[in-house]
>>> print(open('coords37.pdb').read())   # PDB, C-alpha atoms
ATOM      1  CA  MET A   1     -56.208  24.840 -13.581
ATOM      2  CA  ASN A   2     -53.497  26.824 -11.864
ATOM      3  CA  LYS A   3     -53.927  30.398 -13.107
ATOM      4  CA  VAL A   4     -50.270  31.264 -12.494
ATOM      5  CA  ALA A   5     -49.128  28.218 -14.484
ATOM      6  CA  ASN A   6     -51.323  29.261 -17.379
ATOM      7  CA  GLU A   7     -49.898  32.782 -17.387
ATOM      8  CA  LEU A   8     -46.270  31.617 -17.208
ATOM      9  CA  LEU A   9     -46.789  29.243 -20.122
ATOM     10  CA  LYS A  10     -48.618  31.882 -22.142
ATOM     11  CA  ILE A  11     -45.764  34.418 -21.976
ATOM     12  CA  LYS A  12     -43.138  31.656 -22.322
ATOM     13  CA  ALA A  13     -41.595  32.345 -18.954
ATOM     14  CA  VAL A  14     -41.635  28.552 -18.588
ATOM     15  CA  PHE A  15     -41.110  26.312 -21.562
ATOM     16  CA  PHE A  16     -40.264  22.693 -22.299
ATOM     17  CA  ASN A  17     -38.085  20.875 -24.811
ATOM     18  CA  VAL A  18     -37.715  17.163 -24.208
ATOM     19  CA  ASN A  19     -35.932  16.441 -27.493
ATOM     20  CA  ASN A  20     -33.348  19.219 -27.204
ATOM     21  CA  PRO A  21     -32.873  19.854 -23.473
ATOM     22  CA  PHE A  22     -31.461  23.037 -22.022
ATOM     23  CA  THR A  23     -28.146  23.140 -20.187
ATOM     24  CA  TRP A  24     -28.324  24.675 -16.735
ATOM     25  CA  ALA A  25     -25.379  26.574 -15.254
ATOM     26  CA  SER A  26     -24.594  23.443 -13.237
ATOM     27  CA  GLY A  27     -24.189  21.487 -16.487
ATOM     28  CA  ILE A  28     -27.373  19.486 -15.942
ATOM     29  CA  LYS A  29     -29.381  18.755 -19.082
ATOM     30  CA  SER A  30     -32.943  19.817 -18.403
ATOM     31  CA  PRO A  31     -36.202  19.462 -20.378
ATOM     32  CA  ILE A  32     -37.526  22.607 -18.687
ATOM     33  CA  TYR A  33     -36.285  26.174 -18.598
ATOM     34  CA  THR A  34     -37.676  29.095 -16.621
ATOM     35  CA  ASP A  35     -37.141  32.819 -17.145
ATOM     36  CA  ASN A  36     -39.468  34.596 -14.742
ATOM     37  CA  ARG A  37     -37.593  37.853 -15.290
ATOM     38  CA  ILE A  38     -39.792  38.532 -18.308
ATOM     39  CA  ILE A  39     -42.918  38.717 -16.122
ATOM     40  CA  ILE A  40     -42.290  42.412 -15.492
ATOM     41  CA  SER A  41     -42.719  43.085 -19.236
ATOM     42  CA  TYR A  42     -46.308  41.762 -19.279
ATOM     43  CA  PRO A  43     -48.590  44.020 -17.190
ATOM     44  CA  LYS A  44     -51.604  41.671 -17.108
ATOM     45  CA  THR A  45     -49.537  38.636 -16.121
ATOM     46  CA  ARG A  46     -47.535  40.723 -13.691
ATOM     47  CA  GLU A  47     -50.676  41.925 -11.927
ATOM     48  CA  ILE A  48     -52.010  38.369 -11.595
ATOM     49  CA  ILE A  49     -48.746  37.064 -10.163
ATOM     50  CA  GLU A  50     -47.950  39.949  -7.825
ATOM     51  CA  SER A  51     -51.504  39.888  -6.445
ATOM     52  CA  ALA A  52     -51.214  36.138  -5.893
ATOM     53  CA  LEU A  53     -47.875  36.568  -4.123
ATOM     54  CA  ALA A  54     -49.321  39.261  -1.866
ATOM     55  CA  GLN A  55     -52.296  37.021  -1.031
ATOM     56  CA  LEU A  56     -50.039  34.031  -0.360
ATOM     57  CA  ILE A  57     -47.896  36.065   2.030
ATOM     58  CA  LYS A  58     -50.921  37.418   3.906
ATOM     59  CA  GLN A  59     -52.343  33.910   4.201
ATOM     60  CA  LYS A  60     -49.182  32.046   5.240
ATOM     61  CA  PHE A  61     -47.320  34.795   7.107
ATOM     62  CA  PRO A  62     -49.939  37.128   8.636
ATOM     63  CA  ASN A  63     -47.355  38.649  11.003
ATOM     64  CA  VAL A  64     -45.105  39.898   8.196
ATOM     65  CA  THR A  65     -43.874  43.479   8.540
ATOM     66  CA  ALA A  66     -41.458  43.682   5.573
ATOM     67  CA  VAL A  67     -40.548  41.826   2.375
ATOM     68  CA  VAL A  68     -37.093  41.086   1.019
ATOM     69  CA  GLY A  69     -36.163  40.336  -2.581
ATOM     70  CA  THR A  70     -33.350  38.079  -3.699
ATOM     71  CA  ALA A  71     -30.860  39.646  -6.105
ATOM     72  CA  THR A  72     -31.586  40.067  -8.829
ATOM     73  CA  ALA A  73     -34.656  38.138  -9.932
ATOM     74  CA  GLY A  74     -36.641  38.595  -6.734
ATOM     75  CA  ILE A  75     -36.158  42.365  -6.476
ATOM     76  CA  PRO A  76     -38.907  43.602  -8.844
ATOM     77  CA  HIS A  77     -41.433  41.166  -7.388
ATOM     78  CA  ALA A  78     -40.590  42.287  -3.857
ATOM     79  CA  ALA A  79     -41.078  45.889  -4.972
ATOM     80  CA  TYR A  80     -44.527  45.246  -6.461
ATOM     81  CA  VAL A  81     -45.651  43.083  -3.543
ATOM     82  CA  SER A  82     -44.417  45.525  -0.899
ATOM     83  CA  ALA A  83     -46.481  48.243  -2.579
ATOM     84  CA  LYS A  84     -49.580  46.030  -2.575
ATOM     85  CA  LEU A  85     -49.105  45.160   1.093
ATOM     86  CA  ASN A  86     -47.964  48.670   2.032
ATOM     87  CA  LEU A  87     -44.862  47.246   3.712
ATOM     88  CA  PRO A  88     -41.182  48.191   3.768
ATOM     89  CA  MET A  89     -38.984  46.414   1.226
ATOM     90  CA  ALA A  90     -35.324  45.510   1.096
ATOM     91  CA  TYR A  91     -33.076  43.282  -0.956
ATOM     92  CA  VAL A  92     -29.960  41.254  -0.294
ATOM     93  CA  ARG A  93     -26.964  41.676  -2.564
ATOM     94  CA  ALA A  94     -25.345  38.633  -4.126
ATOM     95  CA  LYS A  95     -22.112  40.018  -2.690
ATOM     96  CA  ALA A  96     -21.571  42.690  -0.055
ATOM     97  CA  LYS A  97     -20.251  46.012  -1.360
ATOM     98  CA  ASP A  98     -16.492  46.453  -1.086
ATOM     99  CA  HIS A  99     -16.811  50.180  -0.433
ATOM    100  CA  GLY A 100     -18.802  52.610   1.676
ATOM    101  CA  ARG A 101     -20.564  50.791   4.509
ATOM    102  CA  ALA A 102     -19.928  47.401   2.838
ATOM    103  CA  LYS A 103     -23.576  46.444   3.207
ATOM    104  CA  ALA A 104     -25.060  43.175   2.028
ATOM    105  CA  ILE A 105     -28.620  44.297   2.788
ATOM    106  CA  GLU A 106     -30.094  47.334   1.042
ATOM    107  CA  GLY A 107     -33.037  48.868   2.863
ATOM    108  CA  GLU A 108     -34.020  49.441   6.480
ATOM    109  CA  ILE A 109     -35.615  46.325   7.986
ATOM    110  CA  ALA A 110     -34.251  46.328  11.531
ATOM    111  CA  ASN A 111     -36.719  44.801  14.011
ATOM    112  CA  ARG A 112     -38.952  43.642  11.163
ATOM    113  CA  LYS A 113     -40.493  40.221  10.539
ATOM    114  CA  VAL A 114     -39.660  39.514   6.931
ATOM    115  CA  VAL A 115     -40.653  37.173   4.126
ATOM    116  CA  VAL A 116     -38.156  36.524   1.344
ATOM    117  CA  ILE A 117     -39.468  36.605  -2.238
ATOM    118  CA  GLU A 118     -37.770  34.437  -4.868
ATOM    119  CA  ASP A 119     -38.827  34.018  -8.486
ATOM    120  CA  LEU A 120     -37.827  30.350  -8.833
ATOM    121  CA  LEU A 121     -36.798  27.510  -6.534
ATOM    122  CA  SER A 122     -34.626  24.740  -7.949
ATOM    123  CA  THR A 123     -32.198  23.539  -5.282
ATOM    124  CA  GLY A 124     -33.177  26.438  -3.009
ATOM    125  CA  ASN A 125     -29.524  27.188  -2.255
ATOM    126  CA  SER A 126     -29.518  30.833  -3.350
ATOM    127  CA  CYS A 127     -32.685  31.633  -1.384
ATOM    128  CA  ILE A 128     -31.315  29.918   1.717
ATOM    129  CA  GLU A 129     -28.065  31.881   1.443
ATOM    130  CA  VAL A 130     -30.078  35.102   1.440
ATOM    131  CA  ILE A 131     -31.933  33.962   4.551
ATOM    132  CA  LYS A 132     -28.648  33.108   6.273
ATOM    133  CA  ILE A 133     -27.328  36.611   5.563
ATOM    134  CA  LEU A 134     -30.495  38.127   6.993
ATOM    135  CA  LYS A 135     -30.257  36.005  10.124
ATOM    136  CA  GLN A 136     -26.574  36.885  10.542
ATOM    137  CA  ASN A 137     -27.719  40.501  10.591
ATOM    138  CA  LYS A 138     -30.299  39.653  13.269
ATOM    139  CA  VAL A 139     -33.299  39.972  10.961
ATOM    140  CA  HIS A 140     -36.297  37.838  11.936
ATOM    141  CA  VAL A 141     -37.122  35.705   8.887
ATOM    142  CA  LEU A 142     -40.594  34.151   8.853
ATOM    143  CA  GLY A 143     -40.030  32.188   5.654
ATOM    144  CA  ALA A 144     -39.950  32.415   1.873
ATOM    145  CA  VAL A 145     -42.303  32.419  -1.089
ATOM    146  CA  SER A 146     -41.631  31.816  -4.769
ATOM    147  CA  ILE A 147     -43.501  32.073  -8.030
ATOM    148  CA  PHE A 148     -42.475  28.642  -9.311
ATOM    149  CA  ASN A 149     -40.924  25.568  -7.711
ATOM    150  CA  TYR A 150     -39.339  22.640  -9.551
ATOM    151  CA  GLU A 151     -39.968  20.473  -6.454
ATOM    152  CA  LEU A 152     -36.494  18.935  -6.588
ATOM    153  CA  LYS A 153     -35.736  16.609  -3.669
ATOM    154  CA  GLU A 154     -32.610  18.648  -2.903
ATOM    155  CA  CYS A 155     -34.770  21.748  -2.435
ATOM    156  CA  VAL A 156     -37.117  19.985  -0.037
ATOM    157  CA  GLN A 157     -34.168  18.655   1.960
ATOM    158  CA  ASN A 158     -32.381  22.015   2.052
ATOM    159  CA  PHE A 159     -35.352  23.913   3.436
ATOM    160  CA  LYS A 160     -36.129  21.138   5.915
ATOM    161  CA  GLN A 161     -32.531  20.979   7.113
ATOM    162  CA  ASN A 162     -32.454  24.740   7.650
ATOM    163  CA  LYS A 163     -35.923  24.742   9.249
ATOM    164  CA  ILE A 164     -37.308  27.333   6.849
ATOM    165  CA  LYS A 165     -40.964  27.530   5.865
ATOM    166  CA  TYR A 166     -41.581  28.089   2.165
ATOM    167  CA  PHE A 167     -44.538  28.212  -0.201
ATOM    168  CA  SER A 168     -44.896  28.552  -3.974
ATOM    169  CA  LEU A 169     -47.640  29.828  -6.257
ATOM    170  CA  CYS A 170     -47.041  27.005  -8.696
ATOM    171  CA  THR A 171     -45.277  23.634  -8.562
ATOM    172  CA  LEU A 172     -43.881  21.575 -11.423
ATOM    173  CA  GLU A 173     -46.728  19.081 -11.269
ATOM    174  CA  GLN A 174     -49.284  21.883 -11.432
ATOM    175  CA  MET A 175     -47.379  23.396 -14.348
ATOM    176  CA  LEU A 176     -47.316  20.082 -16.209
ATOM    177  CA  SER A 177     -51.024  19.524 -15.629
ATOM    178  CA  CYS A 178     -51.713  22.866 -17.273
ATOM    179  CA  ALA A 179     -49.145  22.225 -20.034
ATOM    180  CA  VAL A 180     -50.755  18.902 -20.948
ATOM    181  CA  ASP A 181     -54.218  20.445 -20.911
ATOM    182  CA  LYS A 182     -53.068  23.282 -23.190
ATOM    183  CA  LYS A 183     -51.083  20.853 -25.387
ATOM    184  CA  TYR A 184     -47.676  22.393 -24.713
ATOM    185  CA  VAL A 185     -46.484  18.854 -23.942
ATOM    186  CA  THR A 186     -47.861  15.347 -24.351
ATOM    187  CA  ILE A 187     -48.657  13.061 -21.425
ATOM    188  CA  LYS A 188     -45.574  10.998 -22.292
ATOM    189  CA  GLN A 189     -43.368  14.098 -22.277
ATOM    190  CA  ALA A 190     -44.831  15.178 -18.949
ATOM    191  CA  GLN A 191     -43.921  11.770 -17.519
ATOM    192  CA  GLN A 192     -40.351  12.212 -18.771
ATOM    193  CA  ILE A 193     -40.140  15.622 -17.109
ATOM    194  CA  ILE A 194     -41.313  14.134 -13.811
ATOM    195  CA  LYS A 195     -38.558  11.505 -14.143
ATOM    196  CA  PHE A 196     -36.100  14.356 -14.597
ATOM    197  CA  ARG A 197     -37.470  16.077 -11.495
ATOM    198  CA  ASN A 198     -37.000  12.916  -9.479
ATOM    199  CA  ASN A 199     -33.356  12.498 -10.536
ATOM    200  CA  PRO A 200     -32.008  15.559 -12.406
ATOM    201  CA  LYS A 201     -28.392  14.385 -12.378
ATOM    202  CA  SER A 202     -29.296  11.300 -14.383
ATOM    203  CA  GLU A 203     -30.234  11.417 -18.057
ATOM    204  CA  LEU A 204     -32.345   8.271 -17.872
ATOM    205  CA  TRP A 205     -35.434  10.439 -18.294
ATOM    206  CA  ARG A 206     -34.391  10.884 -21.953
ATOM    207  CA  THR A 207     -34.827   7.180 -22.717
ATOM    208  CA  ASN A 208     -38.192   5.860 -23.854
TER     209      ASN A 208
END
>>> encode(input="coords37.pdb", output="C-alpha cells")
Amino acid sequence: MNKVANELLKIKAVFFNVNNPFTWASGIKSPIYTDNRIIISYPKTREIIESALAQLIKQKFPNVTAVVGTATAGIPHAAYVSAKLNLPMAYVRAKAKDHGRAKAIEGEIANRKVVVIEDLLSTGNSCIEVIKILKQNKVHVLGAVSIFNYELKECVQNFKQNKIKYFSLCTLEQMLSCAVDKKYVTIKQAQQIIKFRNNPKSELWRTN
C-alpha cells in the first residue's frame, strides 16, 4: 500500500464522491477532490510526506542545489523539504509584483540547479508556467515533483511537450487501490473514477 495515499485519505486531503461530484474551477464535474493544503496542520502526516518528497528529490535529481515552491500550495512543502535537504529555497509568485523590483521570483537561486515542488498535478499547466518563468530568468530547472498526480492525459502531454521531467509520490491509481482496500470507495466506484480520469470533460463516467 502506498503510505502517502493512506495518509492523504486519513486526513481527508483527498476524498471521493461519485454520487455528488465536485465542481472544479474549470467547471468540470469531478468525483475526486484534493486539498493538500491541510497537510501542514497534521504534524505526523506532514513529516511522512515531506520526508518522502526529500527522498524522491535526492533519488531522481541528485544534482539539485535548490528547491522552488509554486504559489501558494507548494510554498510550505518547499520550505520543509529545503530544510531537510539543507538547500536554498525560493518560490515563484502567481503574478510579478507591480512595485519595488517587480520580481516574480522570491529568493536567491542564481546559478542553482532547482527542482520545483507542487502539491497536486491535474493538467500540469500551473507548474509548467512556474518552470517557464524560472527558465526566462535563466534558472536551470532539473524537473518537478508533486505529492499527488491525477494522471490526466493532458498533464502527461504537457510535460512531454515541454520536455520536463516530473515525478509524484502518489498517483490516482495508487490512491484508488488504497481507497478500495480501506473501503473509502467500492471497486465499481473506483472504475468510474478511472473513466473520469481517462476523459474528464465527458460525464459518461457517471452512467452505470
>>> resolve_selection(input="coords37.pdb", expression="the PyMOL selection byres ((chain A and resi 140-151) around 6)", output="PDB file with C-alpha atoms, in the frame of the given file")
ATOM      1  CA  LYS A 113     -40.493  40.221  10.539  1.00  0.00           C
ATOM      2  CA  VAL A 114     -39.660  39.514   6.931  1.00  0.00           C
ATOM      3  CA  VAL A 115     -40.653  37.173   4.126  1.00  0.00           C
ATOM      4  CA  VAL A 116     -38.156  36.524   1.344  1.00  0.00           C
ATOM      5  CA  ILE A 117     -39.468  36.605  -2.238  1.00  0.00           C
ATOM      6  CA  GLU A 118     -37.770  34.437  -4.868  1.00  0.00           C
ATOM      7  CA  ASP A 119     -38.827  34.018  -8.486  1.00  0.00           C
ATOM      8  CA  LEU A 120     -37.827  30.350  -8.833  1.00  0.00           C
ATOM      9  CA  LEU A 121     -36.798  27.510  -6.534  1.00  0.00           C
ATOM     10  CA  SER A 122     -34.626  24.740  -7.949  1.00  0.00           C
ATOM     11  CA  VAL A 139     -33.299  39.972  10.961  1.00  0.00           C
ATOM     12  CA  LEU A 152     -36.494  18.935  -6.588  1.00  0.00           C
ATOM     13  CA  ILE A 164     -37.308  27.333   6.849  1.00  0.00           C
ATOM     14  CA  LYS A 165     -40.964  27.530   5.865  1.00  0.00           C
ATOM     15  CA  TYR A 166     -41.581  28.089   2.165  1.00  0.00           C
ATOM     16  CA  PHE A 167     -44.538  28.212  -0.201  1.00  0.00           C
ATOM     17  CA  SER A 168     -44.896  28.552  -3.974  1.00  0.00           C
ATOM     18  CA  LEU A 169     -47.640  29.828  -6.257  1.00  0.00           C
ATOM     19  CA  CYS A 170     -47.041  27.005  -8.696  1.00  0.00           C
ATOM     20  CA  THR A 171     -45.277  23.634  -8.562  1.00  0.00           C
ATOM     21  CA  LEU A 172     -43.881  21.575 -11.423  1.00  0.00           C
TER      22      LEU A 172
END
>>> resolve_selection(input="coords37.pdb", expression="the PyMOL selection byres ((chain A and resi 68) around 6)", output="count of residues only")
6
>>> axis_aligned_box(input="coords37.pdb", around="segment 11-19 of chain A", padding_each_side="4 Å", output="lines of an AutoDock Vina configuration file")
center_x = -40.8
center_y = 25.4
center_z = -23.0
size_x = 17.8
size_y = 26.0
size_z = 16.9
>>> closest_residue(input="coords37.pdb", among="A:Gln59, A:Gln192, A:Thr65, A:Thr23", to="Asn86 of chain A", atoms="only C-alpha atoms")
A:Thr65
>>> closest_residue(input="coords37.pdb", among="A:Ile39, A:Ile32, A:Val92, A:Ala13", to="Ala104 of chain A", atoms="all atoms listed in the file")
A:Val92
>>> closest_residue(input="coords37.pdb", among="A:Ile38, A:Val64, A:Ile105, A:Ile187", to="Ile11 of chain A", atoms="only C-alpha atoms")
A:Ile38
>>> closest_residue(input="coords37.pdb", among="A:Lys29, A:Lys58, A:Arg112, A:Lys153", to="Lys201 of chain A", atoms="only C-alpha atoms")
A:Lys29
>>> atom_distance(input="coords37.pdb", atom1="atom CA of Ile193 of chain A", atom2="atom CA of Pro31 of chain A")
6.4 Å
>>> atom_distance(input="coords37.pdb", atom1="atom CA of Gly27 of chain A", atom2="atom CA of Lys163 of chain A")
28.5 Å
>>> atom_distance(input="coords37.pdb", atom1="atom CA of Val81 of chain A", atom2="atom CA of Pro62 of chain A")
14.2 Å
>>> closest_residue(input="coords37.pdb", among="A:Gln191, A:Ser30, A:Val130, A:Gln136", to="Thr70 of chain A", atoms="all atoms listed in the file")
A:Val130
>>> resolve_selection(input="coords37.pdb", expression="the PyMOL selection byres ((chain A and resi 207) around 12)", output="VMD selection string")
chain A and resid 18 to 19 188 to 189 191 to 193 195 to 196 202 to 206 208
>>> residues_around(input="coords37.pdb", residues="Tyr33 of chain A", least_positions_apart="6", cutoff="7 Å", atoms="all atoms listed in the file", output="JSON, numbers by chain")
{"A": [14, 15, 16, 22]}
>>> write_last_selection(input="coords37.pdb", atoms="C-alpha atoms", output="compact mmCIF listing (two decimals), in the coordinates of the input")
# COMPACT_ATOMS: atom_id res chain seq x y z
CA VAL A 14 -41.64 28.55 -18.59
CA PHE A 15 -41.11 26.31 -21.56
CA PHE A 16 -40.26 22.69 -22.30
CA PHE A 22 -31.46 23.04 -22.02
>>> closest_residue(input="coords37.pdb", among="A:Ile40, A:Leu56, A:Pro21, A:Asp35", to="Leu9 of chain A", atoms="all atoms listed in the file")
A:Asp35
